[in-house]
Amino acid sequence: MVSSNDFKNGMTIKYNGNIYEIIEFMHVKPGKGAAFVRTKLRNARTKAVIDYTFSAAEKVERANIDKVKMSYLYDSGSSLVFMNNETYEQIEIPKENLKNELNYLVEGILVDVVFFESEILGVILPDKVTLKVTRCDPAVRGDTKTAALKDAYVETGLLVKVPMFIENGEDIIISTIDGKYSSRA
């Protein structure tokens, strides 16, 4: 058990049958009445963000989240297969649980798979990934009145805005946080 007075950003708690990550919190001591803790919580299962107010010193159960480093192996159709590099144990995660992550997953990439007890909550991608450009238009000379970016599709099917000098077949580094081009690989 943990007191609401001891909350920290990134801490995971179990409350009302759900698992939440504390995104931010603030201790409030009004002039009248009792102190309280205003929080912004992200549901670990649905990723929905809610605001919730706890009374000061309210006790909640702490959720112990495990992160296991795993390699992405392949797409089996309805699910994605990952392997623990130490035990060689393989797990399958349904595709619908990883819609955004699909844009960055290529064979062999290392990710952190997040578990609560035996339940798989999701996947944490590295901040940046290297992907191969599969289709992009040739650069148009003199088209620099805008930011000089063009559309490029990478091997996962993700559409990325890239500088004019990027060609088909090049490896580029993309941020998984916002999906934007970072640099050449």
# chains A, B, ... in the order shown; residues from 1 in each chain; ligands from 1
>>> residues_around(residues="A:Val2", least_positions_apart="6", cutoff="7 Å", atoms="only C-alpha atoms", output="mmCIF file with N, CA, C and O atoms, in the first residue's frame")
data_model
loop_
_atom_site.group_PDB
_atom_site.id
_atom_site.type_symbol
_atom_site.label_atom_id
_atom_site.label_comp_id
_atom_site.auth_asym_id
_atom_site.auth_seq_id
_atom_site.Cartn_x
_atom_site.Cartn_y
_atom_site.Cartn_z
ATOM 1 N N LYS A 59 -4.915 5.656 1.196
ATOM 2 C CA LYS A 59 -4.062 4.515 0.854
ATOM 3 C C LYS A 59 -4.600 3.807 -0.388
ATOM 4 O O LYS A 59 -5.794 3.557 -0.490
ATOM 5 N N VAL A 60 -3.686 3.513 -1.329
ATOM 6 C CA VAL A 60 -4.039 2.736 -2.518
ATOM 7 C C VAL A 60 -3.001 1.642 -2.686
ATOM 8 O O VAL A 60 -1.879 1.744 -2.189
ATOM 9 N N GLU A 61 -3.392 0.597 -3.414
ATOM 10 C CA GLU A 61 -2.483 -0.518 -3.630
ATOM 11 C C GLU A 61 -1.521 -0.182 -4.760
ATOM 12 O O GLU A 61 -1.920 0.352 -5.795
ATOM 13 N N ARG A 62 -0.267 -0.489 -4.544
ATOM 14 C CA ARG A 62 0.748 -0.259 -5.569
ATOM 15 C C ARG A 62 0.755 -1.448 -6.536
ATOM 16 O O ARG A 62 0.692 -2.598 -6.111
#
>>> residues_around(residues="A:Val154", least_positions_apart="4", cutoff="10 Å", atoms="only C-alpha atoms", output="list in words")
Asn103, Tyr104, Thr130, Leu131, Lys132, Val133, Thr134, Arg135, Cys136, Leu158, Leu159, Val160, Asn168, Gly169, Glu170, Asp171, Ile172 and Ile174 of chain A
>>> write_last_selection(atoms="all heavy atoms", output="compact mmCIF listing (two decimals), in the first residue's frame")
# COMPACT_ATOMS: atom_id res chain seq x y z
N ASN A 103 3.31 0.45 -36.64
CA ASN A 103 4.00 1.35 -37.57
C ASN A 103 5.51 1.33 -37.42
O ASN A 103 6.22 1.82 -38.30
CB ASN A 103 3.51 2.79 -37.38
CG ASN A 103 2.08 2.97 -37.79
OD1 ASN A 103 1.64 2.41 -38.79
ND2 ASN A 103 1.33 3.73 -37.01
N TYR A 104 6.02 0.79 -36.32
CA TYR A 104 7.46 0.84 -36.04
C TYR A 104 8.09 -0.53 -35.85
O TYR A 104 9.30 -0.63 -35.65
CB TYR A 104 7.70 1.68 -34.78
CG TYR A 104 7.05 3.04 -34.86
CD1 TYR A 104 5.86 3.31 -34.20
CD2 TYR A 104 7.61 4.04 -35.65
CE1 TYR A 104 5.25 4.55 -34.29
CE2 TYR A 104 7.01 5.29 -35.74
CZ TYR A 104 5.84 5.54 -35.06
OH TYR A 104 5.24 6.76 -35.17
N THR A 130 15.09 2.58 -36.81
CA THR A 130 15.61 2.72 -38.17
C THR A 130 14.74 1.91 -39.11
O THR A 130 14.56 0.71 -38.90
CB THR A 130 17.07 2.22 -38.23
OG1 THR A 130 17.85 2.96 -37.29
CG2 THR A 130 17.64 2.37 -39.62
N LEU A 131 14.19 2.57 -40.13
CA LEU A 131 13.32 1.92 -41.10
C LEU A 131 13.77 2.27 -42.51
O LEU A 131 14.32 3.34 -42.75
CB LEU A 131 11.86 2.36 -40.89
CG LEU A 131 11.24 2.00 -39.55
CD1 LEU A 131 9.86 2.65 -39.40
CD2 LEU A 131 11.12 0.50 -39.38
N LYS A 132 13.51 1.36 -43.44
CA LYS A 132 13.90 1.55 -44.84
C LYS A 132 12.78 2.22 -45.62
O LYS A 132 11.61 1.85 -45.50
CB LYS A 132 14.23 0.19 -45.47
CG LYS A 132 14.79 0.28 -46.89
CD LYS A 132 15.20 -1.07 -47.44
CE LYS A 132 16.40 -1.67 -46.78
NZ LYS A 132 17.64 -0.91 -46.85
N VAL A 133 13.14 3.23 -46.43
CA VAL A 133 12.18 3.92 -47.29
C VAL A 133 11.87 2.99 -48.46
O VAL A 133 12.77 2.53 -49.16
CB VAL A 133 12.76 5.26 -47.80
CG1 VAL A 133 11.80 5.90 -48.81
CG2 VAL A 133 13.03 6.19 -46.65
N THR A 134 10.59 2.69 -48.66
CA THR A 134 10.19 1.80 -49.76
C THR A 134 9.63 2.56 -50.94
O THR A 134 9.69 2.09 -52.07
CB THR A 134 9.15 0.77 -49.29
OG1 THR A 134 8.03 1.47 -48.75
CG2 THR A 134 9.73 -0.16 -48.25
N ARG A 135 9.06 3.75 -50.69
CA ARG A 135 8.51 4.52 -51.79
C ARG A 135 8.51 6.00 -51.44
O ARG A 135 8.01 6.40 -50.40
CB ARG A 135 7.08 4.05 -52.06
CG ARG A 135 6.49 4.62 -53.34
CD ARG A 135 5.12 4.07 -53.62
NE ARG A 135 4.14 4.85 -52.86
CZ ARG A 135 3.05 4.34 -52.30
NH1 ARG A 135 2.80 3.07 -52.39
NH2 ARG A 135 2.22 5.12 -51.65
N CYS A 136 9.10 6.80 -52.32
CA CYS A 136 9.02 8.25 -52.18
C CYS A 136 9.17 8.89 -53.55
O CYS A 136 9.76 8.31 -54.46
CB CYS A 136 10.04 8.79 -51.19
SG CYS A 136 11.75 8.71 -51.71
N LEU A 158 4.15 3.07 -42.86
CA LEU A 158 3.98 4.38 -42.25
C LEU A 158 4.37 5.48 -43.24
O LEU A 158 5.38 5.38 -43.92
CB LEU A 158 4.86 4.48 -40.99
CG LEU A 158 4.84 5.80 -40.22
CD1 LEU A 158 3.47 6.03 -39.60
CD2 LEU A 158 5.91 5.79 -39.14
N LEU A 159 3.56 6.53 -43.31
CA LEU A 159 3.85 7.70 -44.14
C LEU A 159 4.59 8.72 -43.28
O LEU A 159 4.12 9.10 -42.21
CB LEU A 159 2.55 8.30 -44.68
CG LEU A 159 2.69 9.61 -45.44
CD1 LEU A 159 3.49 9.41 -46.73
CD2 LEU A 159 1.32 10.18 -45.76
N VAL A 160 5.76 9.17 -43.77
CA VAL A 160 6.61 10.10 -43.03
C VAL A 160 6.99 11.25 -43.94
O VAL A 160 7.26 11.04 -45.13
CB VAL A 160 7.90 9.40 -42.54
CG1 VAL A 160 8.76 10.33 -41.72
CG2 VAL A 160 7.57 8.16 -41.73
N ASN A 168 14.60 6.38 -52.43
CA ASN A 168 14.10 5.03 -52.21
C ASN A 168 15.24 4.13 -51.75
O ASN A 168 16.37 4.24 -52.24
CB ASN A 168 13.51 4.44 -53.49
CG ASN A 168 12.12 4.96 -53.78
OD1 ASN A 168 11.41 5.38 -52.87
ND2 ASN A 168 11.73 4.92 -55.03
N GLY A 169 14.94 3.22 -50.81
CA GLY A 169 15.94 2.26 -50.35
C GLY A 169 16.84 2.75 -49.23
O GLY A 169 17.60 1.97 -48.66
N GLU A 170 16.77 4.02 -48.88
CA GLU A 170 17.61 4.55 -47.80
C GLU A 170 17.03 4.17 -46.44
O GLU A 170 15.82 4.04 -46.28
CB GLU A 170 17.69 6.08 -47.87
CG GLU A 170 18.75 6.58 -48.80
CD GLU A 170 18.99 8.07 -48.62
OE1 GLU A 170 19.55 8.46 -47.58
OE2 GLU A 170 18.60 8.83 -49.52
N ASP A 171 17.92 4.02 -45.46
CA ASP A 171 17.50 3.81 -44.08
C ASP A 171 17.42 5.16 -43.40
O ASP A 171 18.35 5.97 -43.49
CB ASP A 171 18.50 2.91 -43.34
CG ASP A 171 18.42 1.46 -43.79
OD1 ASP A 171 17.37 1.06 -44.31
OD2 ASP A 171 19.42 0.73 -43.61
N ILE A 172 16.29 5.40 -42.71
CA ILE A 172 16.12 6.65 -41.98
C ILE A 172 15.75 6.35 -40.54
O ILE A 172 15.24 5.28 -40.22
CB ILE A 172 15.05 7.56 -42.62
CG1 ILE A 172 13.68 6.87 -42.67
CG2 ILE A 172 15.48 8.01 -44.02
CD1 ILE A 172 12.54 7.77 -43.13
N ILE A 174 13.45 7.32 -37.35
CA ILE A 174 12.16 7.95 -37.07
C ILE A 174 11.90 7.91 -35.57
O ILE A 174 12.16 6.90 -34.91
CB ILE A 174 11.02 7.20 -37.81
CG1 ILE A 174 11.26 7.26 -39.31
CG2 ILE A 174 9.66 7.78 -37.46
CD1 ILE A 174 10.30 6.40 -40.10
>>> closest_atom_pairs(of="stretch 114-183 of chain A", to="stretch 77-85 of chain A", cutoff="12 Å", atoms="only C-alpha atoms", output="tab-separated table")
residue	atom	partner	partner_atom	distance
A:Ile120	CA	A:Phe82	CA	11.7
A:Gly122	CA	A:Leu80	CA	11.6
A:Val123	CA	A:Phe82	CA	10.2
>>> residues_around(residues="A:Thr46", least_positions_apart="3", cutoff="9 Å", atoms="only C-alpha atoms", output="ChimeraX atom specification")
/A:42-43,49,97,121
>>> write_last_selection(atoms="N, CA and C atoms", output="CSV table (one decimal), in the first residue's frame")
chain,number,residue,atom,x,y,z
A,42,ARG,N,-3.2,7.5,-16.2
A,42,ARG,CA,-3.3,6.8,-17.5
A,42,ARG,C,-3.6,5.3,-17.2
A,43,ASN,N,-4.8,4.9,-17.8
A,43,ASN,CA,-5.1,3.5,-17.6
A,43,ASN,C,-4.2,2.6,-18.4
A,49,VAL,N,-6.8,8.6,-20.4
A,49,VAL,CA,-6.3,9.4,-19.3
A,49,VAL,C,-7.5,10.1,-18.6
A,97,ASN,N,-4.3,-4.8,-30.0
A,97,ASN,CA,-3.7,-4.1,-28.8
A,97,ASN,C,-2.5,-3.3,-29.1
A,121,LEU,N,0.3,-6.0,-20.7
A,121,LEU,CA,-0.4,-4.6,-20.8
A,121,LEU,C,0.0,-3.9,-22.1
>>> atom_distance(atom1="atom CA of A:Asn64", atom2="atom CA of A:Glu21")
10.9 Å
>>> select_by_dssp(residues="chain A", states="helix (DSSP H, G or I)", output="ChimeraX atom specification")
/A:4-6,95-98,101-103
>>> closest_residue(among="A:Phe116, A:Tyr52, A:Phe7, A:Tyr15", to="A:Val68", atoms="only C-alpha atoms")
A:Phe116
>>> residues_around(residues="A:Ser175", least_positions_apart="3", cutoff="10 Å", atoms="only C-alpha atoms", output="CSV table (one decimal) with all heavy atoms, in the first residue's frame")
chain,number,residue,atom,x,y,z
A,104,TYR,N,6.0,0.8,-36.3
A,104,TYR,CA,7.5,0.8,-36.0
A,104,TYR,C,8.1,-0.5,-35.9
A,104,TYR,O,9.3,-0.6,-35.7
A,104,TYR,CB,7.7,1.7,-34.8
A,104,TYR,CG,7.1,3.0,-34.9
A,104,TYR,CD1,5.9,3.3,-34.2
A,104,TYR,CD2,7.6,4.0,-35.6
A,104,TYR,CE1,5.3,4.5,-34.3
A,104,TYR,CE2,7.0,5.3,-35.7
A,104,TYR,CZ,5.8,5.5,-35.1
A,104,TYR,OH,5.2,6.8,-35.2
A,125,LEU,N,8.2,0.9,-27.1
A,125,LEU,CA,9.2,1.0,-28.2
A,125,LEU,C,10.4,1.8,-27.8
A,125,LEU,O,10.3,2.6,-26.9
A,125,LEU,CB,8.5,1.6,-29.4
A,125,LEU,CG,7.3,0.9,-30.0
A,125,LEU,CD1,6.6,1.8,-30.9
A,125,LEU,CD2,7.7,-0.3,-30.7
A,126,PRO,N,11.5,1.6,-28.5
A,126,PRO,CA,12.6,2.5,-28.3
A,126,PRO,C,12.2,3.9,-28.7
A,126,PRO,O,11.3,4.0,-29.5
A,126,PRO,CB,13.8,1.9,-29.1
A,126,PRO,CG,13.1,0.9,-30.0
A,126,PRO,CD,11.8,0.5,-29.4
A,127,ASP,N,12.9,4.9,-28.3
A,127,ASP,CA,12.6,6.3,-28.7
A,127,ASP,C,12.7,6.5,-30.2
A,127,ASP,O,11.9,7.3,-30.8
A,127,ASP,CB,13.4,7.3,-27.9
A,127,ASP,CG,13.1,7.4,-26.5
A,127,ASP,OD1,12.0,6.9,-26.1
A,127,ASP,OD2,13.9,7.9,-25.7
A,128,LYS,N,13.7,5.9,-30.8
A,128,LYS,CA,13.9,6.0,-32.2
A,128,LYS,C,14.1,4.6,-32.9
A,128,LYS,O,14.7,3.8,-32.3
A,128,LYS,CB,15.1,6.9,-32.5
A,128,LYS,CG,14.9,8.3,-32.0
A,128,LYS,CD,16.0,9.3,-32.4
A,128,LYS,CE,15.6,10.6,-31.9
A,128,LYS,NZ,16.5,11.7,-32.3
A,129,VAL,N,13.6,4.5,-34.1
A,129,VAL,CA,13.8,3.2,-34.8
A,129,VAL,C,14.4,3.6,-36.2
A,129,VAL,O,14.1,4.6,-36.8
A,129,VAL,CB,12.5,2.4,-35.0
A,129,VAL,CG1,12.1,1.9,-33.6
A,129,VAL,CG2,11.4,3.2,-35.7
A,130,THR,N,15.1,2.6,-36.8
A,130,THR,CA,15.6,2.7,-38.2
A,130,THR,C,14.7,1.9,-39.1
A,130,THR,O,14.6,0.7,-38.9
A,130,THR,CB,17.1,2.2,-38.2
A,130,THR,OG1,17.9,3.0,-37.3
A,130,THR,CG2,17.6,2.4,-39.6
A,178,ASP,N,6.6,10.8,-31.9
A,178,ASP,CA,5.7,11.6,-32.7
A,178,ASP,C,5.6,11.2,-34.1
A,178,ASP,O,4.9,11.8,-34.9
A,178,ASP,CB,6.1,13.1,-32.6
A,178,ASP,CG,7.6,13.3,-33.1
A,178,ASP,OD1,8.2,12.4,-33.6
A,178,ASP,OD2,8.1,14.5,-32.9
A,179,GLY,N,6.4,10.2,-34.5
A,179,GLY,CA,6.4,9.6,-35.9
A,179,GLY,C,7.0,10.5,-36.9
A,179,GLY,O,6.8,10.4,-38.1
A,180,LYS,N,7.9,11.4,-36.5
A,180,LYS,CA,8.6,12.3,-37.4
A,180,LYS,C,10.0,11.8,-37.8
A,180,LYS,O,10.7,11.1,-37.0
A,180,LYS,CB,8.7,13.7,-36.8
A,180,LYS,CG,7.3,14.3,-36.7
A,180,LYS,CD,7.4,15.7,-36.2
A,180,LYS,CE,6.0,16.3,-36.2
A,180,LYS,NZ,6.0,17.7,-35.7
A,181,TYR,N,10.5,12.2,-39.0
A,181,TYR,CA,11.8,11.9,-39.4
A,181,TYR,C,12.8,12.6,-38.5
A,181,TYR,O,12.6,13.7,-38.1
A,181,TYR,CB,12.0,12.5,-40.8
A,181,TYR,CG,13.4,12.6,-41.4
A,181,TYR,CD1,13.9,11.5,-42.0
A,181,TYR,CD2,14.1,13.7,-41.2
A,181,TYR,CE1,15.2,11.5,-42.5
A,181,TYR,CE2,15.4,13.8,-41.7
A,181,TYR,CZ,16.0,12.7,-42.3
A,181,TYR,OH,17.3,12.7,-42.8
A,182,SER,N,13.9,11.9,-38.2
A,182,SER,CA,14.9,12.4,-37.3
A,182,SER,C,16.2,12.6,-38.1
A,182,SER,O,16.8,13.7,-38.0
A,182,SER,CB,15.2,11.4,-36.1
A,182,SER,OG,16.1,11.9,-35.2
A,183,SER,N,16.7,11.6,-38.8
A,183,SER,CA,17.9,11.7,-39.5
A,183,SER,C,18.1,10.5,-40.4
A,183,SER,O,17.3,9.6,-40.4
A,183,SER,CB,19.1,11.9,-38.6
A,183,SER,OG,19.3,10.7,-37.9
>>> atom_distance(atom1="atom CA of A:Ile91", atom2="atom CA of A:Gly157")
24.0 Å
>>> select_by_dssp(residues="stretch 3-117 of chain A", states="strand (DSSP E)", output="ChimeraX atom specification")
/A:3,12-15,18-28,36-43,49-55,59-62,65-75,79-84,90-94,110-116
>>> closest_residue(among="A:Val37, A:Val113, A:Ile166, A:Ala44", to="A:Tyr72", atoms="only C-alpha atoms")
A:Val113
>>> atom_distance(atom1="atom CA of A:Ala57", atom2="atom CA of A:Ser3")
5.1 Å
>>> residues_around(residues="A:Ser4", least_positions_apart="3", cutoff="10 Å", atoms="only C-alpha atoms", output="JSON, numbers by chain")
{"A": [1, 7, 8, 25, 27, 36, 37, 38, 39, 53, 54, 55, 56, 57, 58, 59, 60]}
>>> write_last_selection(atoms="N, CA and C atoms", output="short mmCIF file (atom, residue, chain, number, x, y, z; two decimals), in the first residue's frame")
data_model
loop_
_atom_site.label_atom_id
_atom_site.label_comp_id
_atom_site.auth_asym_id
_atom_site.auth_seq_id
_atom_site.Cartn_x
_atom_site.Cartn_y
_atom_site.Cartn_z
N MET A 1 0.85 -1.19 0.00
CA MET A 1 0.00 0.00 0.00
C MET A 1 0.89 1.24 0.00
N PHE A 7 2.89 9.83 -3.73
CA PHE A 7 2.82 9.62 -5.17
C PHE A 7 4.03 10.23 -5.88
N LYS A 8 4.45 9.58 -6.95
CA LYS A 8 5.53 10.06 -7.80
C LYS A 8 5.10 9.87 -9.26
N PHE A 25 0.83 14.78 -10.64
CA PHE A 25 0.07 14.92 -9.39
C PHE A 25 0.40 16.27 -8.77
N HIS A 27 -0.18 18.25 -4.82
CA HIS A 27 -0.74 18.33 -3.47
C HIS A 27 -1.40 19.71 -3.33
N PHE A 36 -5.81 17.66 -0.28
CA PHE A 36 -6.08 16.56 -1.21
C PHE A 36 -4.98 16.51 -2.27
N VAL A 37 -4.99 15.42 -3.04
CA VAL A 37 -4.00 15.23 -4.10
C VAL A 37 -4.75 15.10 -5.42
N ARG A 38 -4.50 16.05 -6.33
CA ARG A 38 -5.11 16.04 -7.66
C ARG A 38 -4.16 15.30 -8.60
N THR A 39 -4.66 14.29 -9.32
CA THR A 39 -3.80 13.49 -10.18
C THR A 39 -4.35 13.39 -11.59
N THR A 53 -9.15 12.88 -8.00
CA THR A 53 -8.71 13.54 -6.77
C THR A 53 -8.77 12.57 -5.61
N PHE A 54 -7.64 12.41 -4.94
CA PHE A 54 -7.54 11.56 -3.75
C PHE A 54 -7.50 12.46 -2.52
N SER A 55 -8.08 12.00 -1.41
CA SER A 55 -7.92 12.75 -0.17
C SER A 55 -6.49 12.56 0.33
N ALA A 56 -6.01 13.50 1.11
CA ALA A 56 -4.64 13.41 1.62
C ALA A 56 -4.48 12.16 2.46
N ALA A 57 -3.39 11.46 2.30
CA ALA A 57 -3.05 10.25 3.05
C ALA A 57 -3.97 9.07 2.74
N GLU A 58 -4.76 9.14 1.65
CA GLU A 58 -5.57 7.98 1.24
C GLU A 58 -4.63 6.88 0.78
N LYS A 59 -4.91 5.66 1.20
CA LYS A 59 -4.06 4.51 0.85
C LYS A 59 -4.60 3.81 -0.39
N VAL A 60 -3.69 3.51 -1.33
CA VAL A 60 -4.04 2.74 -2.52
C VAL A 60 -3.00 1.64 -2.69
#
>>> residues_around(residues="A:Asn9", least_positions_apart="4", cutoff="6 Å", atoms="only C-alpha atoms", output="list of chain:residue names")
A:Ile22, A:Ile23, A:Glu24
>>> closest_residue(among="A:Ile177, A:Val111, A:Ala152, A:Ile19", to="A:Ser71", atoms="only C-alpha atoms")
A:Val111
>>> closest_residue(among="A:Thr176, A:Asp137, A:Gly33, A:Phe165", to="A:Ile124", atoms="only C-alpha atoms")
A:Thr176
>>> decode(residues="stretch 58-90 of chain A", atoms="N, CA and C atoms", output="compact mmCIF listing (two decimals), in the first residue's frame")
# COMPACT_ATOMS: atom_id res chain seq x y z
N GLU A 58 -4.76 9.14 1.65
CA GLU A 58 -5.57 7.98 1.24
C GLU A 58 -4.63 6.88 0.78
N LYS A 59 -4.91 5.66 1.20
CA LYS A 59 -4.06 4.51 0.85
C LYS A 59 -4.60 3.81 -0.39
N VAL A 60 -3.69 3.51 -1.33
CA VAL A 60 -4.04 2.74 -2.52
C VAL A 60 -3.00 1.64 -2.69
N GLU A 61 -3.39 0.60 -3.41
CA GLU A 61 -2.48 -0.52 -3.63
C GLU A 61 -1.52 -0.18 -4.76
N ARG A 62 -0.27 -0.49 -4.54
CA ARG A 62 0.75 -0.26 -5.57
C ARG A 62 0.75 -1.45 -6.54
N ALA A 63 0.82 -1.17 -7.83
CA ALA A 63 0.84 -2.24 -8.85
C ALA A 63 2.28 -2.44 -9.30
N ASN A 64 2.76 -3.66 -9.14
CA ASN A 64 4.12 -3.96 -9.57
C ASN A 64 4.11 -4.38 -11.04
N ILE A 65 4.68 -3.52 -11.85
CA ILE A 65 4.73 -3.73 -13.30
C ILE A 65 6.11 -4.27 -13.64
N ASP A 66 6.14 -5.33 -14.47
CA ASP A 66 7.40 -5.90 -14.93
C ASP A 66 7.60 -5.57 -16.39
N LYS A 67 8.85 -5.22 -16.74
CA LYS A 67 9.20 -4.97 -18.13
C LYS A 67 10.24 -6.00 -18.53
N VAL A 68 9.96 -6.72 -19.60
CA VAL A 68 10.86 -7.76 -20.09
C VAL A 68 11.32 -7.40 -21.49
N LYS A 69 12.63 -7.39 -21.71
CA LYS A 69 13.21 -7.09 -23.01
C LYS A 69 12.95 -8.28 -23.94
N MET A 70 12.29 -8.01 -25.07
CA MET A 70 11.95 -9.07 -26.02
C MET A 70 12.20 -8.60 -27.45
N SER A 71 12.39 -9.58 -28.34
CA SER A 71 12.55 -9.30 -29.77
C SER A 71 11.25 -9.56 -30.50
N TYR A 72 10.93 -8.68 -31.45
CA TYR A 72 9.76 -8.92 -32.30
C TYR A 72 10.18 -9.93 -33.37
N LEU A 73 9.42 -11.02 -33.48
CA LEU A 73 9.76 -12.06 -34.45
C LEU A 73 8.98 -11.93 -35.75
N TYR A 74 7.63 -12.03 -35.67
CA TYR A 74 6.84 -12.00 -36.90
C TYR A 74 5.38 -11.75 -36.61
N ASP A 75 4.64 -11.48 -37.69
CA ASP A 75 3.20 -11.27 -37.66
C ASP A 75 2.55 -12.59 -38.03
N SER A 76 1.76 -13.16 -37.11
CA SER A 76 1.13 -14.46 -37.38
C SER A 76 -0.27 -14.31 -37.96
N GLY A 77 -0.64 -13.13 -38.36
CA GLY A 77 -1.98 -12.90 -38.92
C GLY A 77 -2.83 -12.08 -37.98
N SER A 78 -3.33 -12.70 -36.91
CA SER A 78 -4.17 -11.96 -35.97
C SER A 78 -3.38 -11.48 -34.75
N SER A 79 -2.14 -11.94 -34.61
CA SER A 79 -1.34 -11.52 -33.48
C SER A 79 0.12 -11.35 -33.88
N LEU A 80 0.90 -10.73 -32.98
CA LEU A 80 2.32 -10.50 -33.19
C LEU A 80 3.09 -11.37 -32.20
N VAL A 81 4.18 -11.97 -32.66
CA VAL A 81 4.95 -12.90 -31.84
C VAL A 81 6.25 -12.24 -31.39
N PHE A 82 6.48 -12.31 -30.07
CA PHE A 82 7.69 -11.76 -29.45
C PHE A 82 8.42 -12.88 -28.72
N MET A 83 9.77 -12.74 -28.61
CA MET A 83 10.55 -13.78 -27.93
C MET A 83 11.45 -13.15 -26.87
N ASN A 84 11.45 -13.76 -25.69
CA ASN A 84 12.36 -13.38 -24.62
C ASN A 84 13.75 -13.87 -25.02
N ASN A 85 14.73 -12.97 -25.08
CA ASN A 85 16.07 -13.32 -25.55
C ASN A 85 16.86 -14.16 -24.56
N GLU A 86 16.44 -14.20 -23.31
CA GLU A 86 17.16 -15.00 -22.32
C GLU A 86 16.58 -16.40 -22.19
N THR A 87 15.25 -16.51 -22.16
CA THR A 87 14.62 -17.82 -21.96
C THR A 87 14.12 -18.45 -23.26
N TYR A 88 14.11 -17.68 -24.34
CA TYR A 88 13.60 -18.11 -25.65
C TYR A 88 12.11 -18.44 -25.62
N GLU A 89 11.42 -18.00 -24.57
CA GLU A 89 9.97 -18.18 -24.48
C GLU A 89 9.31 -17.20 -25.45
N GLN A 90 8.29 -17.67 -26.17
CA GLN A 90 7.59 -16.82 -27.12
C GLN A 90 6.19 -16.51 -26.62
